[in-house]
Amino acid sequence: MSRPSVLLPLTGFFFLISSTSGSESSVPYPVTCVTSGADLVEDGVVVLCPPDCTQWKVSVFGTEIYASVSSVCGAAIHRGVLGRSGGPVSVHKLQGQQNYMSSYAHGIQSLALSHWTASFNLTKPVNVPLELTSETSTTALPAAALPAKKPLKKQSVKKALTGGNKDCQMDIAMVIDSSNNIGQRRFNLQKNFVTKLAAMLRVGSTGPHIGLIQASDSPRTEFLLTNYTQPKELLFAIKELAYLGGDTNTGKAIMHTAETFFSQENGGRRGHPRVMMVLIDGWPSDDLEQAAMLARESGVNIFLVSVTKPAPEELAMVRDKDFVKKAVCKDNGFFSYSIPSWFSTTKHVKPLAQKLCSLDSLLCSKTCYNSVNIGFLIDGSSSVGEGNFQLVLNFLAGIARSFDVSDVGARIGAVQFTYDQRLEFGLSDHSSKEDSINALRRIPYMSGGTATGAAISYTTQNLFRRTGPGRNFLIVVTDGQSYDDVRVPAMDAQRQGITIYSVGVAWAPLDDLKAMSSEPKESHTFFTREFTGLAELVPLLVRGVCRDFTENN
């Protein structure tokens, strides 16, 4: 049996670690977050990544296949075979290649690289002890440091590490009452209720993720969205919660949760709806309105569950009698839920779980970043040229990167035109940002004449035909005079609910650009003399799309 070796960079020195193994080691070797593929001497080695590598400035080059200069653990997170809590991963050496593509995935931005001498790809290892997987341990340890356990059947391991309610792919923050008002006894009843609700929601890698915050004098985050993604671990964590006491500062807890809890650094998933379920026993001690406003602006859907409403003789002590209406995502009856007593919560578990998972009713999720349909209409005429065409694609990829592209979020599509038109990919063809950007970068240059008007008509009929009004945007990029009329096709598109931004380069006439763009013309028309100036327009266009979306929704 061979002895795979791993070179570990450690405070400026390299140490060579060897041990007995087969073609794929069953005992992972600990590495650091910055260990690169080039540091691994042999093929098929299983390495053990530490937790929290996303907090390091790891260098990753490529997508799916990575240049050997890349961080192994950073690439594994980017590839989706490793979680934030670390764990084992199999590294497979490959030959060098040309054009490593950049992309954003799982909190890691990989970079492009024109070529490199060696590559690697990554897979989840087989025959690795379950204790070493990131799903079952938040601290990665060598196998020798772990107590021996009875081997699990393959079926039970698979069941433990997969699943979840695929119809409820939400990020859910539960804000529970831990104040003096609720008391220890009712606090325990609240924990029982939350436990049953969490079990009904069925967390998992393909289902909802749940985190929890306690509201008291000051909010306390008990666990984040990705700390417990398996049901048994989550339910145990809820049962172990300790009662705090103090004032019912629910507003502070909502503000704290809206500001930081759903960030990618804390485990929030891009493109997944954000839900905050707030439990209140009686009434809050502080104001909820400003905190709830911040949550709505951040795309968070607040559900407020009030238990044991104030008695008539207690109403004088309630600071704001309309606190429920001011706190919820929308005061339409859907986002508020009343339970008369902590002793009768069981029958409310299922209907509340159904509400939390009602994707189409989560009105506050509809931000510009996760709700728009963006079509790119790309001039592929001969005057553009191959090099400049690539600059256009980079420009459009920059716009796409700003949005939360997913099957439940924003969508991207593209059409290229000369005298003819070609649908490069539709709005529903790619369900992730990574796939959409890669598809953009792979568009081959057509070359030909310029018929922008016909291209607008084609795009209206073939790209936006099945989408709803109020969130459809078309960004037209052209470098010259159109041989046909653009005004009538643009007006037809706008009448069908499509907002048009025109971007002109080089010799594109301003009259044509303004004729195509939506009103007001000045904020929907852009021009740059050089193709290299397109990159500077990315933030302006993104802000414009978000402004239009907010005004129309």
# chains A, B, ... in the order shown; residues from 1 in each chain; ligands from 1

call {"tool": "select_by_dssp", "arguments": {"residues": "stretch 182-314 of chain A", "states": "alpha helix (DSSP H)", "output": "ChimeraX atom specification"}}
result
/A:183-201,231-239,250-256,289-297

call {"tool": "residues_around", "arguments": {"residues": "A:Ser371", "least_positions_apart": "5", "cutoff": "9 Å", "atoms": "only C-alpha atoms", "output": "NGL selection string"}}
result
:A and (271 or 365-366 or 403-405 or 408-411 or 471 or 549)

call {"tool": "residues_around", "arguments": {"residues": "stretch 424-434 of chain A", "least_positions_apart": "2", "cutoff": "7 Å", "atoms": "only C-alpha atoms", "output": "PyMOL selection string"}}
result
chain A and resi 103-105+401+404-407+411-416+422+436-438+443+463

call {"tool": "atom_distance", "arguments": {"atom1": "atom CA of A:Glu297", "atom2": "atom CA of A:Cys364"}}
result
7.9 Å

call {"tool": "select_by_dssp", "arguments": {"residues": "stretch 337-396 of chain A", "states": "strand (DSSP E)", "output": "PyMOL selection string"}}
result
chain A and resi 337-339+373-379

call {"tool": "write_last_selection", "arguments": {"atoms": "all heavy atoms", "output": "PDB file, in the first residue's frame"}}
result
ATOM      1  N   TYR A 337     -50.840  35.545  13.896  1.00  0.00           N
ATOM      2  CA  TYR A 337     -51.432  34.290  14.358  1.00  0.00           C
ATOM      3  C   TYR A 337     -51.619  34.390  15.866  1.00  0.00           C
ATOM      4  O   TYR A 337     -50.692  34.752  16.601  1.00  0.00           O
ATOM      5  CB  TYR A 337     -50.523  33.108  14.007  1.00  0.00           C
ATOM      6  CG  TYR A 337     -51.210  31.764  14.043  1.00  0.00           C
ATOM      7  CD1 TYR A 337     -51.727  31.184  12.886  1.00  0.00           C
ATOM      8  CD2 TYR A 337     -51.355  31.066  15.239  1.00  0.00           C
ATOM      9  CE1 TYR A 337     -52.357  29.952  12.911  1.00  0.00           C
ATOM     10  CE2 TYR A 337     -51.987  29.835  15.279  1.00  0.00           C
ATOM     11  CZ  TYR A 337     -52.485  29.279  14.110  1.00  0.00           C
ATOM     12  OH  TYR A 337     -53.125  28.060  14.152  1.00  0.00           O
ATOM     13  N   SER A 338     -52.798  34.072  16.326  1.00  0.00           N
ATOM     14  CA  SER A 338     -53.121  34.191  17.745  1.00  0.00           C
ATOM     15  C   SER A 338     -53.398  32.818  18.355  1.00  0.00           C
ATOM     16  O   SER A 338     -54.143  32.013  17.795  1.00  0.00           O
ATOM     17  CB  SER A 338     -54.344  35.098  17.928  1.00  0.00           C
ATOM     18  OG  SER A 338     -54.677  35.209  19.292  1.00  0.00           O
ATOM     19  N   ILE A 339     -52.775  32.557  19.486  1.00  0.00           N
ATOM     20  CA  ILE A 339     -53.001  31.327  20.247  1.00  0.00           C
ATOM     21  C   ILE A 339     -53.480  31.734  21.649  1.00  0.00           C
ATOM     22  O   ILE A 339     -52.810  32.516  22.325  1.00  0.00           O
ATOM     23  CB  ILE A 339     -51.716  30.489  20.347  1.00  0.00           C
ATOM     24  CG1 ILE A 339     -51.225  30.093  18.947  1.00  0.00           C
ATOM     25  CG2 ILE A 339     -51.934  29.239  21.186  1.00  0.00           C
ATOM     26  CD1 ILE A 339     -49.905  29.337  18.929  1.00  0.00           C
ATOM     27  N   ASN A 373     -36.916  39.331 -13.491  1.00  0.00           N
ATOM     28  CA  ASN A 373     -36.527  38.590 -14.690  1.00  0.00           C
ATOM     29  C   ASN A 373     -35.737  39.552 -15.566  1.00  0.00           C
ATOM     30  O   ASN A 373     -36.257  40.585 -15.983  1.00  0.00           O
ATOM     31  CB  ASN A 373     -37.753  38.096 -15.460  1.00  0.00           C
ATOM     32  CG  ASN A 373     -38.605  37.157 -14.631  1.00  0.00           C
ATOM     33  OD1 ASN A 373     -38.099  36.241 -14.014  1.00  0.00           O
ATOM     34  ND2 ASN A 373     -39.913  37.398 -14.621  1.00  0.00           N
ATOM     35  N   ILE A 374     -34.481  39.227 -15.836  1.00  0.00           N
ATOM     36  CA  ILE A 374     -33.626  40.125 -16.614  1.00  0.00           C
ATOM     37  C   ILE A 374     -33.229  39.451 -17.921  1.00  0.00           C
ATOM     38  O   ILE A 374     -32.629  38.372 -17.920  1.00  0.00           O
ATOM     39  CB  ILE A 374     -32.363  40.528 -15.824  1.00  0.00           C
ATOM     40  CG1 ILE A 374     -32.753  41.256 -14.535  1.00  0.00           C
ATOM     41  CG2 ILE A 374     -31.472  41.427 -16.672  1.00  0.00           C
ATOM     42  CD1 ILE A 374     -31.577  41.667 -13.683  1.00  0.00           C
ATOM     43  N   GLY A 375     -33.581  40.090 -19.030  1.00  0.00           N
ATOM     44  CA  GLY A 375     -33.181  39.605 -20.334  1.00  0.00           C
ATOM     45  C   GLY A 375     -32.068  40.474 -20.897  1.00  0.00           C
ATOM     46  O   GLY A 375     -32.139  41.699 -20.825  1.00  0.00           O
ATOM     47  N   PHE A 376     -31.043  39.843 -21.426  1.00  0.00           N
ATOM     48  CA  PHE A 376     -29.947  40.559 -22.070  1.00  0.00           C
ATOM     49  C   PHE A 376     -30.097  40.413 -23.586  1.00  0.00           C
ATOM     50  O   PHE A 376     -30.140  39.289 -24.097  1.00  0.00           O
ATOM     51  CB  PHE A 376     -28.596  39.996 -21.642  1.00  0.00           C
ATOM     52  CG  PHE A 376     -28.303  40.169 -20.170  1.00  0.00           C
ATOM     53  CD1 PHE A 376     -27.863  39.101 -19.402  1.00  0.00           C
ATOM     54  CD2 PHE A 376     -28.450  41.396 -19.554  1.00  0.00           C
ATOM     55  CE1 PHE A 376     -27.588  39.243 -18.060  1.00  0.00           C
ATOM     56  CE2 PHE A 376     -28.174  41.563 -18.203  1.00  0.00           C
ATOM     57  CZ  PHE A 376     -27.739  40.490 -17.461  1.00  0.00           C
ATOM     58  N   LEU A 377     -30.183  41.541 -24.285  1.00  0.00           N
ATOM     59  CA  LEU A 377     -30.254  41.544 -25.755  1.00  0.00           C
ATOM     60  C   LEU A 377     -28.909  42.051 -26.261  1.00  0.00           C
ATOM     61  O   LEU A 377     -28.570  43.232 -26.092  1.00  0.00           O
ATOM     62  CB  LEU A 377     -31.409  42.423 -26.230  1.00  0.00           C
ATOM     63  CG  LEU A 377     -31.681  42.433 -27.731  1.00  0.00           C
ATOM     64  CD1 LEU A 377     -31.866  41.024 -28.278  1.00  0.00           C
ATOM     65  CD2 LEU A 377     -32.917  43.280 -28.044  1.00  0.00           C
ATOM     66  N   ILE A 378     -28.132  41.162 -26.892  1.00  0.00           N
ATOM     67  CA  ILE A 378     -26.709  41.397 -27.125  1.00  0.00           C
ATOM     68  C   ILE A 378     -26.429  41.567 -28.614  1.00  0.00           C
ATOM     69  O   ILE A 378     -26.734  40.689 -29.428  1.00  0.00           O
ATOM     70  CB  ILE A 378     -25.882  40.211 -26.582  1.00  0.00           C
ATOM     71  CG1 ILE A 378     -26.298  39.876 -25.143  1.00  0.00           C
ATOM     72  CG2 ILE A 378     -24.403  40.508 -26.657  1.00  0.00           C
ATOM     73  CD1 ILE A 378     -25.790  38.526 -24.663  1.00  0.00           C
ATOM     74  N   ASP A 379     -25.834  42.696 -28.954  1.00  0.00           N
ATOM     75  CA  ASP A 379     -25.451  42.980 -30.338  1.00  0.00           C
ATOM     76  C   ASP A 379     -24.253  42.100 -30.717  1.00  0.00           C
ATOM     77  O   ASP A 379     -23.172  42.199 -30.133  1.00  0.00           O
ATOM     78  CB  ASP A 379     -25.069  44.465 -30.442  1.00  0.00           C
ATOM     79  CG  ASP A 379     -24.811  44.906 -31.871  1.00  0.00           C
ATOM     80  OD1 ASP A 379     -24.610  44.039 -32.742  1.00  0.00           O
ATOM     81  OD2 ASP A 379     -24.794  46.136 -32.108  1.00  0.00           O
TER      82      ASP A 379
END

call {"tool": "closest_atom_pairs", "arguments": {"of": "stretch 346-365 of chain A", "to": "stretch 190-194 of chain A", "cutoff": "10 Å", "atoms": "only C-alpha atoms", "output": "JSON lines"}}
result
{"residue": "A:Thr346", "atom": "CA", "partner": "A:Phe193", "partner_atom": "CA", "distance": 6.8}
{"residue": "A:His348", "atom": "CA", "partner": "A:Phe193", "partner_atom": "CA", "distance": 9.0}
{"residue": "A:Val349", "atom": "CA", "partner": "A:Phe193", "partner_atom": "CA", "distance": 7.4}

call {"tool": "residues_around", "arguments": {"residues": "A:Ser36", "least_positions_apart": "3", "cutoff": "8 Å", "atoms": "only C-alpha atoms", "output": "mmCIF file with C-alpha atoms, in the first residue's frame"}}
result
data_model
loop_
_atom_site.group_PDB
_atom_site.id
_atom_site.type_symbol
_atom_site.label_atom_id
_atom_site.label_comp_id
_atom_site.auth_asym_id
_atom_site.auth_seq_id
_atom_site.Cartn_x
_atom_site.Cartn_y
_atom_site.Cartn_z
ATOM 1 C CA ASP A 39 0.703 20.833 -1.848
ATOM 2 C CA LEU A 40 -0.800 17.348 -2.187
ATOM 3 C CA SER A 68 -3.827 23.370 -8.485
ATOM 4 C CA VAL A 69 -2.798 26.699 -6.964
ATOM 5 C CA SER A 70 -6.315 26.903 -5.426
ATOM 6 C CA SER A 71 -7.113 26.288 -1.754
ATOM 7 C CA VAL A 72 -8.457 22.736 -1.508
#

call {"tool": "atom_distance", "arguments": {"atom1": "atom CA of A:Thr452", "atom2": "atom CA of A:Cys368"}}
result
26.9 Å

call {"tool": "closest_residue", "arguments": {"among": "A:Leu391, A:Leu201, A:Cys357, A:Met101", "to": "A:Ala439", "atoms": "only C-alpha atoms"}}
result
A:Met101

call {"tool": "atom_distance", "arguments": {"atom1": "atom CA of A:His115", "atom2": "atom CA of A:Tyr66"}}
result
10.6 Å

call {"tool": "closest_residue", "arguments": {"among": "A:Gly246, A:Ala493, A:His272, A:Gly86", "to": "A:Lys166", "atoms": "only C-alpha atoms"}}
result
A:His272

call {"tool": "decode", "arguments": {"residues": "stretch 39-55 of chain A", "atoms": "N, CA, C and O atoms", "output": "CSV table (one decimal), in the first residue's frame"}}
result
chain,number,residue,atom,x,y,z
A,39,ASP,N,0.0,21.3,-3.0
A,39,ASP,CA,0.7,20.8,-1.8
A,39,ASP,C,0.5,19.3,-1.6
A,39,ASP,O,1.2,18.7,-0.8
A,40,LEU,N,-0.5,18.8,-2.3
A,40,LEU,CA,-0.8,17.3,-2.2
A,40,LEU,C,0.0,16.5,-3.2
A,40,LEU,O,-0.1,16.7,-4.4
A,41,VAL,N,0.8,15.6,-2.7
A,41,VAL,CA,1.8,14.9,-3.5
A,41,VAL,C,1.1,13.8,-4.3
A,41,VAL,O,1.4,13.6,-5.5
A,42,GLU,N,0.1,13.1,-3.8
A,42,GLU,CA,-0.5,12.0,-4.5
A,42,GLU,C,-1.9,12.2,-4.8
A,42,GLU,O,-2.6,13.1,-4.2
A,43,ASP,N,-2.4,11.4,-5.7
A,43,ASP,CA,-3.8,11.5,-6.2
A,43,ASP,C,-4.7,10.7,-5.3
A,43,ASP,O,-4.3,9.7,-4.7
A,44,GLY,N,-6.0,11.2,-5.2
A,44,GLY,CA,-7.0,10.4,-4.5
A,44,GLY,C,-6.9,10.5,-3.0
A,44,GLY,O,-7.6,9.8,-2.3
A,45,VAL,N,-6.2,11.4,-2.4
A,45,VAL,CA,-6.0,11.6,-1.0
A,45,VAL,C,-7.3,12.2,-0.4
A,45,VAL,O,-7.9,13.0,-1.0
A,46,VAL,N,-7.7,11.7,0.8
A,46,VAL,CA,-8.8,12.3,1.5
A,46,VAL,C,-8.2,13.3,2.6
A,46,VAL,O,-7.4,12.8,3.4
A,47,VAL,N,-8.5,14.5,2.5
A,47,VAL,CA,-8.0,15.5,3.5
A,47,VAL,C,-9.2,15.9,4.4
A,47,VAL,O,-10.4,15.8,4.1
A,48,LEU,N,-8.8,16.4,5.5
A,48,LEU,CA,-9.8,16.8,6.6
A,48,LEU,C,-9.7,18.3,6.7
A,48,LEU,O,-8.7,18.9,7.3
A,49,CYS,N,-10.7,19.1,6.2
A,49,CYS,CA,-10.6,20.5,6.3
A,49,CYS,C,-11.1,21.0,7.6
A,49,CYS,O,-12.1,20.5,8.2
A,50,PRO,N,-10.5,22.1,8.2
A,50,PRO,CA,-11.0,22.7,9.4
A,50,PRO,C,-12.3,23.5,9.2
A,50,PRO,O,-12.7,23.8,8.0
A,51,PRO,N,-13.0,23.8,10.3
A,51,PRO,CA,-14.2,24.7,10.1
A,51,PRO,C,-13.9,26.1,9.8
A,51,PRO,O,-12.7,26.6,9.9
A,52,ASP,N,-14.9,26.8,9.3
A,52,ASP,CA,-14.8,28.3,9.1
A,52,ASP,C,-13.8,28.8,8.1
A,52,ASP,O,-13.2,29.8,8.2
A,53,CYS,N,-13.6,28.0,7.0
A,53,CYS,CA,-12.6,28.4,6.0
A,53,CYS,C,-13.1,29.6,5.2
A,53,CYS,O,-12.4,30.3,4.6
A,54,THR,N,-14.4,29.9,5.2
A,54,THR,CA,-15.0,31.0,4.5
A,54,THR,C,-14.6,32.3,5.2
A,54,THR,O,-14.7,33.4,4.6
A,55,GLN,N,-14.1,32.2,6.4
A,55,GLN,CA,-13.6,33.5,7.1
A,55,GLN,C,-12.2,33.8,6.7
A,55,GLN,O,-11.7,34.9,7.0
